[in-house]
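Visitor: Quick one, start32.txt (compact mmCIF, C-alpha atoms and all ligand atoms):
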# COMPACT_ATOMS: atom_id res chain seq x y z
CA MET O 1 -9.11 -17.79 -34.30
CA SER O 2 -6.10 -16.02 -35.81
CA ASP O 3 -4.02 -13.71 -33.61
CA LEU O 4 -5.57 -10.72 -35.37
CA GLU O 5 -9.11 -12.00 -34.70
CA THR O 6 -8.26 -12.71 -31.05
CA ALA O 7 -6.84 -9.20 -30.67
CA LYS O 8 -9.86 -7.59 -32.37
CA ALA O 9 -12.23 -9.55 -30.08
CA PHE O 10 -10.53 -8.23 -26.91
CA ASP O 11 -12.78 -6.31 -24.53
CA LEU O 12 -11.28 -4.63 -21.48
CA ASN O 13 -14.47 -4.91 -19.43
CA GLU O 14 -14.70 -8.66 -20.00
CA PHE O 15 -10.96 -9.02 -19.46
CA ASP O 16 -11.28 -7.55 -15.98
CA LYS O 17 -13.17 -10.62 -14.86
CA LYS O 18 -11.71 -13.46 -16.90
CA LYS O 19 -8.00 -13.07 -17.52
CA ALA O 20 -6.66 -11.18 -14.55
CA GLY O 21 -4.11 -13.90 -13.75
CA ASP O 22 -1.84 -13.48 -16.77
CA PRO O 23 -2.58 -10.44 -18.88
CA PHE O 24 0.84 -10.19 -20.55
CA ALA O 25 0.21 -12.69 -23.35
CA MET O 26 -2.89 -10.74 -24.37
CA TYR O 27 -1.08 -7.39 -24.15
CA ARG O 28 1.58 -8.76 -26.47
CA LEU O 29 -1.02 -10.01 -28.94
CA LEU O 30 -2.67 -6.59 -28.96
CA ARG O 31 0.63 -4.71 -29.32
CA GLU O 32 1.59 -6.88 -32.31
CA ASN O 33 -1.81 -7.05 -34.04
CA ASP O 34 -4.08 -4.21 -32.94
CA PRO O 35 -2.04 -1.65 -30.98
CA VAL O 36 -4.72 1.07 -31.07
CA HIS O 37 -7.57 -1.24 -30.15
CA GLN O 38 -11.20 -0.17 -29.81
CA ASN O 39 -13.29 -1.84 -27.06
CA SER O 40 -16.98 -2.63 -27.55
CA ASP O 41 -17.95 0.50 -25.54
CA GLY O 42 -16.03 2.69 -28.04
CA SER O 43 -13.05 3.39 -25.73
CA TYR O 44 -9.48 2.77 -26.95
CA PHE O 45 -6.74 0.56 -25.47
CA LEU O 46 -3.11 1.51 -26.23
CA THR O 47 -0.27 -1.01 -25.86
CA ARG O 48 2.79 0.41 -27.69
CA TYR O 49 5.40 2.26 -25.62
CA ASP O 50 5.48 5.33 -27.90
CA ASP O 51 1.67 5.59 -27.95
CA VAL O 52 1.33 5.31 -24.16
CA VAL O 53 4.04 7.95 -23.68
CA GLN O 54 2.22 10.20 -26.15
CA SER O 55 -1.10 9.70 -24.33
CA PHE O 56 0.54 10.95 -21.11
CA LYS O 57 2.37 13.87 -22.69
CA HIS O 58 -0.05 15.18 -25.33
CA PRO O 59 -1.74 18.49 -24.37
CA GLY O 60 -5.03 17.29 -25.88
CA MET O 61 -5.53 14.66 -23.17
CA SER O 62 -7.72 15.30 -20.14
CA SER O 63 -7.73 13.62 -16.70
CA ASP O 64 -10.69 15.61 -15.37
CA LYS O 65 -13.52 13.35 -14.16
CA LYS O 66 -16.16 15.89 -13.09
CA VAL O 67 -18.54 14.85 -15.86
CA ALA O 68 -17.66 11.13 -15.95
CA PHE O 69 -18.16 10.59 -12.18
CA LYS O 70 -21.48 12.43 -11.87
CA PRO O 71 -23.83 9.56 -12.86
CA ARG O 72 -21.98 7.15 -10.55
CA PHE O 73 -21.51 9.31 -7.44
CA GLY O 74 -24.13 12.08 -7.71
CA ASP O 75 -23.17 14.99 -5.41
CA GLY O 76 -22.07 12.83 -2.46
CA PRO O 77 -18.77 12.58 -0.57
CA LEU O 78 -17.24 10.14 -3.08
CA TYR O 79 -17.84 12.69 -5.85
CA THR O 80 -16.20 15.46 -3.81
CA HIS O 81 -13.27 13.22 -2.95
CA HIS O 82 -12.45 11.78 -6.36
CA THR O 83 -13.02 15.01 -8.32
CA THR O 84 -10.83 16.99 -5.89
CA SER O 85 -7.99 14.42 -5.99
CA LEU O 86 -5.01 15.83 -7.87
CA VAL O 87 -4.85 12.98 -10.38
CA PHE O 88 -8.38 13.63 -11.69
CA ASN O 89 -7.84 17.32 -12.50
CA ASP O 90 -6.53 19.31 -15.46
CA PRO O 91 -4.68 22.63 -15.51
CA PRO O 92 -5.08 25.25 -14.16
CA ILE O 93 -6.44 23.50 -11.00
CA HIS O 94 -3.96 20.63 -11.40
CA THR O 95 -0.97 22.97 -11.80
CA ARG O 96 -1.81 25.01 -8.69
CA VAL O 97 -2.65 22.05 -6.42
CA ARG O 98 0.37 20.03 -7.57
CA LYS O 99 2.71 22.91 -6.69
CA LEU O 100 1.17 23.12 -3.21
CA LEU O 101 1.33 19.34 -2.63
CA ALA O 102 4.98 19.37 -3.67
CA ALA O 103 5.71 20.70 -0.14
CA ALA O 104 5.24 17.08 1.04
CA PHE O 105 7.91 15.71 -1.31
CA THR O 106 10.82 18.18 -1.12
CA PRO O 107 14.33 16.66 -0.94
CA ARG O 108 14.42 17.76 2.71
CA LYS O 109 11.13 16.03 3.58
CA LEU O 110 12.26 12.90 1.72
CA SER O 111 15.57 12.84 3.57
CA GLU O 112 13.62 13.07 6.84
CA LEU O 113 11.38 10.20 5.73
CA GLU O 114 14.20 7.83 4.79
CA PRO O 115 15.17 7.03 8.41
CA VAL O 116 11.45 6.67 9.20
CA VAL O 117 11.20 4.06 6.42
CA GLU O 118 14.33 2.29 7.76
CA ARG O 119 12.93 2.16 11.28
CA VAL O 120 9.54 0.84 10.17
CA ILE O 121 11.23 -1.85 8.05
CA ASP O 122 13.66 -2.90 10.79
CA ASP O 123 10.73 -3.32 13.21
CA LEU O 124 8.74 -5.33 10.67
CA LEU O 125 11.73 -7.56 9.85
CA ASP O 126 12.33 -8.30 13.52
CA ARG O 127 8.73 -9.45 13.81
CA LEU O 128 8.89 -11.52 10.62
CA GLY O 129 12.15 -13.14 11.72
CA SER O 130 10.48 -14.41 14.86
CA MET O 131 7.55 -15.78 12.81
CA GLY O 132 9.58 -17.82 10.27
CA ASP O 133 6.57 -18.47 8.00
CA PHE O 134 4.47 -15.49 6.97
CA GLU O 135 2.46 -13.64 4.34
CA ILE O 136 4.51 -11.08 2.40
CA ILE O 137 1.47 -9.00 1.50
CA GLU O 138 -0.38 -8.78 4.79
CA ASP O 139 2.58 -8.91 7.18
CA TYR O 140 5.11 -6.79 5.26
CA ALA O 141 4.11 -5.16 1.94
CA LEU O 142 0.90 -3.48 3.15
CA ALA O 143 2.14 -2.68 6.64
CA LEU O 144 5.02 -0.47 5.39
CA PRO O 145 3.19 2.15 3.27
CA THR O 146 0.38 2.44 5.83
CA GLN O 147 2.92 3.27 8.55
CA VAL O 148 4.83 5.72 6.30
CA ILE O 149 1.73 7.64 5.21
CA SER O 150 0.48 7.70 8.80
CA ASP O 151 3.77 9.30 9.81
CA MET O 152 3.47 11.82 6.95
CA LEU O 153 -0.03 12.82 8.04
CA GLY O 154 0.67 12.57 11.78
CA VAL O 155 -2.01 9.90 12.38
CA PRO O 156 -1.76 8.66 15.99
CA GLU O 157 -0.84 5.01 16.59
CA GLU O 158 -4.30 4.02 17.84
CA GLN O 159 -6.05 5.21 14.64
CA ARG O 160 -3.65 3.76 12.05
CA HIS O 161 -5.45 0.44 11.74
CA LEU O 162 -8.46 2.30 10.27
CA LEU O 163 -6.68 3.68 7.21
CA ARG O 164 -6.44 0.59 5.03
CA GLY O 165 -10.15 -0.10 5.36
CA TYR O 166 -10.93 3.50 4.36
CA SER O 167 -8.64 3.29 1.36
CA ASN O 168 -10.12 -0.02 0.14
CA LEU O 169 -13.68 1.31 0.39
CA ILE O 170 -12.90 4.64 -1.30
CA LEU O 171 -10.85 3.11 -4.13
CA GLY O 172 -13.23 0.14 -4.46
CA ALA O 173 -15.92 2.64 -5.50
CA LEU O 174 -13.94 3.15 -8.74
CA ASP O 175 -14.22 -0.54 -9.75
CA PRO O 176 -16.17 -1.21 -12.97
CA VAL O 177 -19.17 -2.68 -11.13
CA VAL O 178 -20.09 -1.39 -7.67
CA SER O 179 -23.17 -2.25 -5.57
CA GLY O 180 -25.30 0.37 -3.83
CA GLU O 181 -24.11 -0.98 -0.49
CA ASP O 182 -20.45 -0.57 -1.54
CA LEU O 183 -21.14 3.03 -2.57
CA ARG O 184 -22.73 3.79 0.81
CA ARG O 185 -19.78 2.23 2.64
CA GLY O 186 -17.38 4.21 0.43
CA GLU O 187 -19.22 7.44 1.28
CA ALA O 188 -19.13 6.63 5.00
CA ALA O 189 -15.38 5.98 4.72
CA VAL O 190 -14.77 9.40 3.12
CA LEU O 191 -16.76 11.13 5.89
CA GLU O 192 -15.01 9.26 8.72
CA PHE O 193 -11.58 9.86 7.23
CA GLU O 194 -12.44 13.56 6.76
CA ASP O 195 -13.34 13.81 10.48
CA LEU O 196 -10.11 12.14 11.50
CA LEU O 197 -8.03 14.47 9.32
CA ASN O 198 -9.94 17.61 10.30
CA GLU O 199 -9.08 16.91 13.94
CA LEU O 200 -5.39 16.44 13.10
CA ILE O 201 -5.39 19.61 10.98
CA ALA O 202 -7.09 21.66 13.72
CA ARG O 203 -4.48 20.46 16.23
CA ARG O 204 -1.64 21.31 13.85
CA ARG O 205 -3.07 24.78 13.20
CA GLU O 206 -2.99 25.45 16.96
CA GLU O 207 0.47 23.98 17.36
CA PRO O 208 2.32 24.32 14.02
CA GLY O 209 5.70 23.36 15.50
CA GLY O 210 4.48 20.14 17.15
CA SER O 211 5.24 17.83 14.21
CA GLN O 212 7.12 14.57 14.58
CA ILE O 213 9.98 13.91 12.17
CA GLY O 214 8.66 13.00 8.68
CA GLU O 215 5.29 14.73 9.15
CA VAL O 216 4.23 16.92 6.23
CA LEU O 217 0.87 18.22 7.48
CA SER O 218 2.13 21.69 8.51
CA ALA O 219 3.76 22.15 5.10
CA LEU O 220 0.45 21.32 3.41
CA ILE O 221 -1.65 23.55 5.73
CA PHE O 222 0.58 26.62 5.72
CA GLY O 223 2.43 26.22 2.39
CA GLU O 224 1.84 29.04 -0.11
CA VAL O 225 2.51 29.37 -3.82
CA ASP O 226 1.92 32.80 -5.38
CA GLY O 227 0.12 33.87 -2.19
CA GLU O 228 -2.37 30.95 -2.32
CA ARG O 229 -2.89 27.98 0.00
CA LEU O 230 -4.79 24.71 -0.46
CA SER O 231 -8.49 25.29 0.32
CA PRO O 232 -9.83 23.29 3.31
CA VAL O 233 -11.54 20.82 0.93
CA GLU O 234 -8.43 20.46 -1.28
CA LEU O 235 -6.30 19.89 1.80
CA VAL O 236 -8.42 17.13 3.34
CA GLN O 237 -9.30 15.34 0.09
CA ASN O 238 -5.70 15.32 -1.13
CA CYS O 239 -4.46 13.97 2.20
CA ILE O 240 -6.92 11.10 1.68
CA PHE O 241 -5.67 10.79 -1.90
CA LEU O 242 -2.04 10.52 -0.73
CA LEU O 243 -2.95 7.42 1.26
CA ASN O 244 -4.89 5.94 -1.65
CA ALA O 245 -2.16 6.72 -4.21
CA GLY O 246 0.73 5.43 -2.14
CA HIS O 247 -0.56 2.40 -0.32
CA GLU O 248 -1.66 -0.35 -2.72
CA THR O 249 0.90 0.71 -5.38
CA THR O 250 3.83 0.48 -2.95
CA ALA O 251 2.56 -2.80 -1.47
CA ASN O 252 2.29 -4.20 -5.01
CA LEU O 253 5.84 -3.09 -5.80
CA ILE O 254 7.15 -4.97 -2.76
CA GLY O 255 5.11 -8.15 -3.34
CA ASN O 256 5.82 -8.19 -7.09
CA SER O 257 9.56 -7.72 -6.49
CA ILE O 258 9.74 -10.69 -4.11
CA ASP O 259 7.74 -12.82 -6.55
CA MET O 260 9.93 -11.75 -9.49
CA LEU O 261 13.09 -12.77 -7.61
CA LEU O 262 11.61 -16.10 -6.46
CA ALA O 263 10.61 -16.87 -10.06
CA ALA O 264 14.13 -16.05 -11.33
CA PRO O 265 16.52 -17.74 -8.83
CA ASP O 266 19.60 -16.75 -10.88
CA GLN O 267 18.63 -13.08 -10.44
CA LEU O 268 17.94 -13.57 -6.72
CA GLN O 269 21.42 -15.07 -6.38
CA ARG O 270 22.93 -12.11 -8.28
CA LEU O 271 21.27 -9.68 -5.88
CA GLN O 272 22.43 -11.67 -2.86
CA ASP O 273 26.00 -11.62 -4.24
CA ARG O 274 25.87 -7.96 -5.32
CA PRO O 275 23.51 -5.97 -3.03
CA GLU O 276 24.51 -2.77 -4.85
CA LEU O 277 22.21 -3.92 -7.70
CA ILE O 278 19.17 -3.06 -5.56
CA ARG O 279 18.37 0.20 -7.41
CA THR O 280 18.26 -1.42 -10.85
CA THR O 281 16.39 -4.39 -9.35
CA ILE O 282 13.58 -2.06 -8.28
CA GLU O 283 13.51 -0.42 -11.73
CA GLU O 284 13.29 -3.86 -13.35
CA SER O 285 10.48 -4.90 -11.03
CA LEU O 286 8.58 -1.68 -11.87
CA ARG O 287 9.02 -2.47 -15.56
CA TYR O 288 8.27 -6.18 -15.45
CA GLN O 289 5.22 -6.18 -13.15
CA SER O 290 4.06 -2.55 -13.14
CA PRO O 291 1.96 -2.02 -9.97
CA LEU O 292 -0.44 0.34 -11.76
CA GLN O 293 -1.01 -1.41 -15.09
CA ILE O 294 -3.49 0.85 -16.86
CA GLY O 295 -3.97 4.64 -16.74
CA ASN O 296 -6.73 6.56 -18.46
CA ARG O 297 -7.39 9.80 -20.33
CA LYS O 298 -10.06 11.48 -22.46
CA ALA O 299 -9.09 13.04 -25.79
CA THR O 300 -10.17 16.69 -26.04
CA GLU O 301 -9.12 16.89 -29.70
CA ASP O 302 -8.42 14.42 -32.52
CA VAL O 303 -5.05 12.77 -31.84
CA ALA O 304 -3.07 10.46 -34.16
CA PHE O 305 -1.48 7.31 -32.71
CA GLY O 306 0.56 5.81 -35.54
CA LYS O 307 -1.81 5.43 -38.46
CA THR O 308 -4.98 5.65 -36.35
CA THR O 309 -6.60 8.92 -35.34
CA ILE O 310 -8.57 8.79 -32.11
CA PRO O 311 -11.45 11.29 -32.29
CA ALA O 312 -12.05 14.05 -29.74
CA GLY O 313 -14.28 12.89 -26.89
CA SER O 314 -12.91 9.30 -26.82
CA PHE O 315 -11.91 7.54 -23.59
CA ILE O 316 -8.43 6.03 -23.72
CA HIS O 317 -6.90 3.28 -21.58
CA CYS O 318 -3.11 3.70 -21.51
CA CYS O 319 -1.57 0.28 -20.83
CA ILE O 320 1.64 0.99 -18.91
CA ALA O 321 2.16 -2.76 -18.37
CA ALA O 322 2.18 -3.49 -22.12
CA ALA O 323 4.37 -0.46 -22.89
CA ASN O 324 6.91 -1.67 -20.34
CA ARG O 325 7.35 -4.92 -22.30
CA ASP O 326 7.48 -3.37 -25.77
CA PRO O 327 10.48 -4.84 -27.70
CA ALA O 328 10.72 -1.56 -29.64
CA GLN O 329 11.95 0.01 -26.36
CA PHE O 330 13.38 -2.88 -24.29
CA ASP O 331 15.77 -5.63 -25.42
CA ASP O 332 14.42 -9.07 -24.59
CA PRO O 333 11.49 -7.59 -22.60
CA GLU O 334 10.12 -10.89 -21.25
CA TYR O 335 13.45 -11.63 -19.57
CA VAL O 336 14.19 -10.37 -16.04
CA ASP O 337 17.57 -8.63 -15.82
CA ILE O 338 18.13 -6.91 -12.47
CA SER O 339 20.99 -4.84 -13.92
CA ARG O 340 19.06 -3.75 -17.04
CA SER O 341 20.46 -0.52 -18.47
CA PRO O 342 19.06 1.57 -19.99
CA ASN O 343 15.65 0.97 -18.45
CA ARG O 344 13.21 3.71 -19.42
CA GLN O 345 10.25 2.06 -17.69
CA ILE O 346 7.16 4.23 -17.26
CA ALA O 347 5.52 2.62 -14.21
CA PHE O 348 5.13 6.09 -12.63
CA GLY O 349 3.50 7.56 -15.74
CA MET O 350 4.95 10.58 -17.55
CA GLY O 351 4.25 14.23 -18.25
CA LYS O 352 2.39 16.58 -15.94
CA HIS O 353 0.74 13.82 -13.86
CA ILE O 354 3.95 11.83 -13.31
CA CYS O 355 3.74 10.20 -9.88
CA MET O 356 4.57 12.70 -7.11
CA GLY O 357 5.54 9.81 -4.84
CA ASN O 358 8.00 8.21 -7.28
CA THR O 359 11.08 9.01 -5.20
CA LEU O 360 9.37 7.93 -1.98
CA GLY O 361 8.09 4.73 -3.64
CA ARG O 362 11.59 3.96 -4.90
CA ILE O 363 13.07 4.58 -1.42
CA GLU O 364 10.48 2.29 0.18
CA GLY O 365 11.04 -0.40 -2.48
CA ARG O 366 14.82 -0.21 -2.29
CA ILE O 367 15.02 -0.42 1.51
CA ALA O 368 12.19 -2.97 1.86
CA ILE O 369 13.62 -5.40 -0.70
CA GLY O 370 17.32 -4.75 0.02
CA LYS O 371 17.00 -5.38 3.76
CA PHE O 372 14.63 -8.30 3.29
CA ILE O 373 16.99 -10.19 0.95
CA GLU O 374 19.97 -9.49 3.20
CA ARG O 375 18.13 -10.61 6.34
CA PHE O 376 16.54 -13.78 4.91
CA PRO O 377 19.02 -15.67 2.65
CA ASP O 378 16.90 -18.86 2.88
CA LEU O 379 13.78 -17.25 1.42
CA ARG O 380 11.43 -19.66 -0.39
CA ARG O 381 7.75 -20.01 -1.28
CA ASN O 382 5.48 -21.65 1.26
CA GLY O 383 2.31 -22.56 -0.66
CA GLU O 384 0.23 -21.17 -3.51
CA SER O 385 0.28 -17.45 -4.15
CA ARG O 386 -2.86 -15.66 -5.37
CA GLN O 387 -2.98 -12.65 -7.71
CA SER O 388 -5.50 -9.90 -7.02
CA PRO O 389 -8.32 -10.09 -9.63
CA ARG O 390 -8.20 -6.33 -10.37
CA VAL O 391 -6.75 -5.66 -13.80
CA ARG O 392 -5.80 -2.00 -13.33
CA PHE O 393 -3.55 -2.88 -10.40
CA ARG O 394 -1.08 -5.76 -10.43
CA GLY O 395 -0.27 -7.36 -7.14
CA PHE O 396 -0.91 -10.34 -4.93
CA ASP O 397 -3.68 -10.93 -2.42
CA SER O 398 -1.57 -13.70 -0.94
CA LEU O 399 2.14 -14.57 -1.21
CA PRO O 400 3.15 -17.01 1.56
CA VAL O 401 6.89 -17.54 2.20
CA SER O 402 9.18 -19.27 4.63
CA VAL O 403 12.58 -17.92 5.73
CA THR O 404 13.85 -20.54 8.18
C1 LIG F 501 5.60 2.71 -5.57
C2 LIG F 501 4.72 2.57 -6.42
C3 LIG F 501 3.89 3.62 -7.14
C4 LIG F 501 3.49 3.54 -8.43
C5 LIG F 501 3.79 2.41 -9.41
C6 LIG F 501 2.74 4.75 -8.73
C7 LIG F 501 2.18 5.03 -9.97
C8 LIG F 501 1.58 6.22 -10.31
C9 LIG F 501 1.13 6.58 -11.63
C10 LIG F 501 1.23 5.69 -12.88
C11 LIG F 501 0.62 7.84 -11.58
C12 LIG F 501 0.10 8.67 -12.76
C13 LIG F 501 -1.39 8.52 -12.97
C14 LIG F 501 -1.85 9.25 -14.22
O1 LIG F 501 -1.07 9.85 -14.95
O2 LIG F 501 -3.07 9.23 -14.47
C15 LIG F 501 0.72 8.27 -10.20
C16 LIG F 501 0.27 9.49 -9.74
C17 LIG F 501 0.41 9.91 -8.43
N1 LIG F 501 1.02 9.24 -7.39
FE1 LIG F 501 1.93 7.43 -7.52
N2 LIG F 501 2.69 5.52 -7.60
C18 LIG F 501 3.39 4.90 -6.60
C19 LIG F 501 3.59 5.36 -5.32
C20 LIG F 501 3.16 6.58 -4.82
C21 LIG F 501 3.38 7.08 -3.49
C22 LIG F 501 4.21 6.36 -2.41
C23 LIG F 501 2.74 8.28 -3.40
C24 LIG F 501 2.64 9.24 -2.22
C25 LIG F 501 2.61 8.91 -0.97
C26 LIG F 501 2.14 8.56 -4.68
C27 LIG F 501 1.45 9.71 -5.01
C28 LIG F 501 0.97 10.02 -6.26
C29 LIG F 501 0.29 11.26 -6.58
C30 LIG F 501 0.02 12.42 -5.62
C31 LIG F 501 -0.07 11.19 -7.94
C32 LIG F 501 -0.86 12.23 -8.75
C33 LIG F 501 0.07 13.10 -9.55
C34 LIG F 501 -0.67 14.06 -10.47
O3 LIG F 501 -1.81 13.79 -10.86
O4 LIG F 501 -0.09 15.10 -10.79
N3 LIG F 501 2.41 7.50 -5.52
N4 LIG F 501 1.32 7.29 -9.45
Will you turn the file into structure tokens for me?
Guide:
Amino acid sequence: MSDLETAKAFDLNEFDKKKAGDPFAMYRLLRENDPVHQNSDGSYFLTRYDDVVQSFKHPGMSSDKKVAFKPRFGDGPLYTHHTTSLVFNDPPIHTRVRKLLAAAFTPRKLSELEPVVERVIDDLLDRLGSMGDFEIIEDYALALPTQVISDMLGVPEEQRHLLRGYSNLILGALDPVVSGEDLRRGEAAVLEFEDLLNELIARRREEPGGSQIGEVLSALIFGEVDGERLSPVELVQNCIFLLNAGHETTANLIGNSIDMLLAAPDQLQRLQDRPELIRTTIEESLRYQSPLQIGNRKATEDVAFGKTTIPAGSFIHCCIAAANRDPAQFDDPEYVDISRSPNRQIAFGMGKHICMGNTLGRIEGRIAIGKFIERFPDLRRNGESRQSPRVRFRGFDSLPVSVT
């Protein structure tokens, strides 16, 4: 098959199952041969940087999923959760809820969270140091965001172990193929998580000043914009969404960064010699192995992408991962350069839905990788690593290392 034929034959739904290990060669083929590709189900797949940016910024693009999720979730708790989550709403609901959620991410709240992140990482590193051989994903990358979000929501120590299971079940319900049993478990997870949060919220309402440092719950309960507060349903469902949005993405950023440095020993050495390169290292990791690889939108009007016009009503997959390796935007995009500048990577999306946690994610990434590299100069792989099979996210299920 010619490159053009291979690109034309691409089907995202098939790709999910078959090629999850190394998608970048296919993204490149698509970008060069069929950049506004149509899948067999009629949806479009965009791979050029300028097109992906346009899909995020164009006013004729919708994120609302109230119609799309109905056949899958009916009227149950998963439907309420996902359709109330900020990311699956359009203005005016999106505009109002985003302003109210911003209370959790003010510069003041972030400066309170930074020492919390430092403390969590120092504790984790002490534990890892005594282990010598360990799993980056399980023992470090996933543990950090779960602790940070628990602190933000004020989840007591004894309940924190529940959160990752909830998140996996609730997000798993968005996978392309989901069994009836998985849907029931996802619904049960939403209900249990709601109960847990409702208790915390009730306690905070009675005692608004009782927050620990880094907690944002009071700001979300009592915060007002133009005389309005989050409704009880918006409050609970978006607290759940904050965990879901910030946990696997941040864990992927940490795991992918370690893998990127191990695969490019010259760059690892540069970072060890010049720790001040940590900020640009994190930007390069976000570009090179974007944790969230593919976003999605629905066109509400005809929109032109280059020479192709996508008709109103079409579903669009916006491939952040392909855009972040587009040579029209990045010099030598397949090469890892931890001091790359400029680096206009779009791993956090763009436009009105740009990631609300982007500063927090960068803080977590910078401190987690910076301290890790400083603490463990003898870092090396310790066995086979395993990529997660999910194509929309990029990260490892297993990344064993040794530091002694
Ligand atoms: C560190 C790695 C992270 C990456 C790569 C990432 C990526 C993204 C992307 C691409 C979007 C836009 C989705 C779209 O336009 O459809 C998004 C939205 C969002 N993210 Fe993140 N995220 C990260 C961490 C976090 C964290 C730590 C939090 C909070 C605790 C968070 C909270 C959110 C929220 C609330 C939205 C929805 C914004 C909106 O719809 O207006 N993210 N994220």
Visitor: Which residues are near ligand LIG 501 (chain F) in this structure, taking near to mean any atom at most 6 Å from a ligand atom and counting all atoms listed in the file? Format them as a tab-separated table (two decimals) with C-alpha atoms, keeping the file's coordinate frame.
Guide:
chain	number	residue	atom	x	y	z
O	86	LEU	CA	-5.01	15.83	-7.87
O	87	VAL	CA	-4.85	12.98	-10.38
O	98	ARG	CA	0.37	20.03	-7.57
O	242	LEU	CA	-2.04	10.52	-0.73
O	245	ALA	CA	-2.16	6.72	-4.21
O	246	GLY	CA	0.73	5.43	-2.14
O	249	THR	CA	0.90	0.71	-5.38
O	250	THR	CA	3.83	0.48	-2.95
O	253	LEU	CA	5.84	-3.09	-5.80
O	291	PRO	CA	1.96	-2.02	-9.97
O	292	LEU	CA	-0.44	0.34	-11.76
O	295	GLY	CA	-3.97	4.64	-16.74
O	347	ALA	CA	5.52	2.62	-14.21
O	348	PHE	CA	5.13	6.09	-12.63
O	349	GLY	CA	3.50	7.56	-15.74
O	352	LYS	CA	2.39	16.58	-15.94
O	353	HIS	CA	0.74	13.82	-13.86
O	354	ILE	CA	3.95	11.83	-13.31
O	355	CYS	CA	3.74	10.20	-9.88
O	356	MET	CA	4.57	12.70	-7.11
O	357	GLY	CA	5.54	9.81	-4.84
O	358	ASN	CA	8.00	8.21	-7.28
O	360	LEU	CA	9.37	7.93	-1.98
O	361	GLY	CA	8.09	4.73	-3.64
Visitor: Please, what is the axis-aligned box for every listed atom of stretch 205-212 of chain O with 5 Å on each side, as centre and edge lengths in Å to one decimal, as lines of an AutoDock Vina configuration file?
Guide:
center_x = 2.0
center_y = 20.0
center_z = 15.3
size_x = 20.2
size_y = 20.9
size_z = 14.2
Visitor: Please measure the separation of atom CA of O:Gly365 and atom CA of O:Gly223, giving the value in Å to one decimal.
Guide: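 Interatomic distance, atom CA of O:Gly365 to atom CA of O:Gly223: 28.4 Å.
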Visitor: Measuring between only C-alpha atoms, which one of O:Glu374, O:Arg390, O:Ala103, O:Thr281 shows the shortest distance to O:Ile221?
Guide: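 When distances to O:Ile221 are compared using only C-alpha atoms, the smallest one comes from O:Ala103.
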Visitor: So, with only C-alpha atoms as the atoms that count, which of O:Arg325, O:Met152, O:Ile258, O:Met131 lies closest to O:Ala25?
Guide: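 Of O:Arg325, O:Met152, O:Ile258, O:Met131, the one nearest O:Ala25, counting only C-alpha atoms, is O:Arg325.
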Visitor: So that I can check the surroundings of O:Cys318, please list as JSON, numbers by chain every protein, DNA and RNA residue that reaches within 9 Å of it, counting only C-alpha atoms and ignoring chain neighbours fewer than 6 positions away.
Guide: {"O": [44, 45, 46, 47, 51, 52, 53, 55, 56, 293, 294, 295, 296, 297]}
Visitor: Restricting the calculation to all atoms listed in the file, which member of O:Val401, O:Val177, O:Met260, O:Ala202 is positioned closest to O:Gly383?
Guide: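 Between O:Val401, O:Val177, O:Met260, O:Ala202, the residue approaching O:Gly383 most closely is O:Val401.
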Visitor: Would you please work out which residue, of O:Arg205, O:Arg279, O:Arg164, O:Arg386, is nearest to O:Phe193 when using only C-alpha atoms?
Guide: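 That would be O:Arg164, the residue with the smallest distance to O:Phe193.
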Visitor: What's the separation between atom CA of O:Tyr49 and atom CA of O:Gln345, in Å to one decimal place?
Guide: 9.3 Å
Visitor: In Å, rounded to a single decimal, give me how far atom CA of O:His317 is from atom CA of O:Cys239.
Guide: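 Result for atom CA of O:Cys239 versus atom CA of O:His317: 26.2 Å, one decimal.
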Visitor: When you look at O:Val155 with a cut-off of 12 Å (counting only C-alpha atoms), what residues show up, excluding the ones that are within fewer than 3 positions of it in the same chain? I need them as a PyMOL selection string.
Guide: chain O and resi 146-152+158-163+193+196-201+203-204+211-212+214-217+239-240+243
Visitor: Take stretch 283-289 of chain O, model N, CA and C atoms, and hand the result over as a tab-separated table (two decimals), in the coordinates of the input.
Guide:
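Everything below was put into out_20.tsv:
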chain	number	residue	atom	x	y	z
O	283	GLU	N	13.95	-0.92	-10.41
O	283	GLU	CA	13.51	-0.42	-11.73
O	283	GLU	C	13.00	-1.57	-12.60
O	284	GLU	N	13.70	-2.72	-12.53
O	284	GLU	CA	13.29	-3.86	-13.35
O	284	GLU	C	11.94	-4.42	-12.87
O	285	SER	N	11.76	-4.43	-11.56
O	285	SER	CA	10.48	-4.90	-11.03
O	285	SER	C	9.35	-3.96	-11.47
O	286	LEU	N	9.60	-2.65	-11.43
O	286	LEU	CA	8.58	-1.68	-11.87
O	286	LEU	C	8.24	-1.89	-13.34
O	287	ARG	N	9.25	-2.23	-14.13
O	287	ARG	CA	9.02	-2.47	-15.56
O	287	ARG	C	8.25	-3.78	-15.78
O	288	TYR	N	8.73	-4.82	-15.14
O	288	TYR	CA	8.27	-6.18	-15.45
O	288	TYR	C	6.86	-6.46	-14.93
O	289	GLN	N	6.54	-5.94	-13.76
O	289	GLN	CA	5.22	-6.18	-13.15
O	289	GLN	C	4.68	-4.84	-12.65
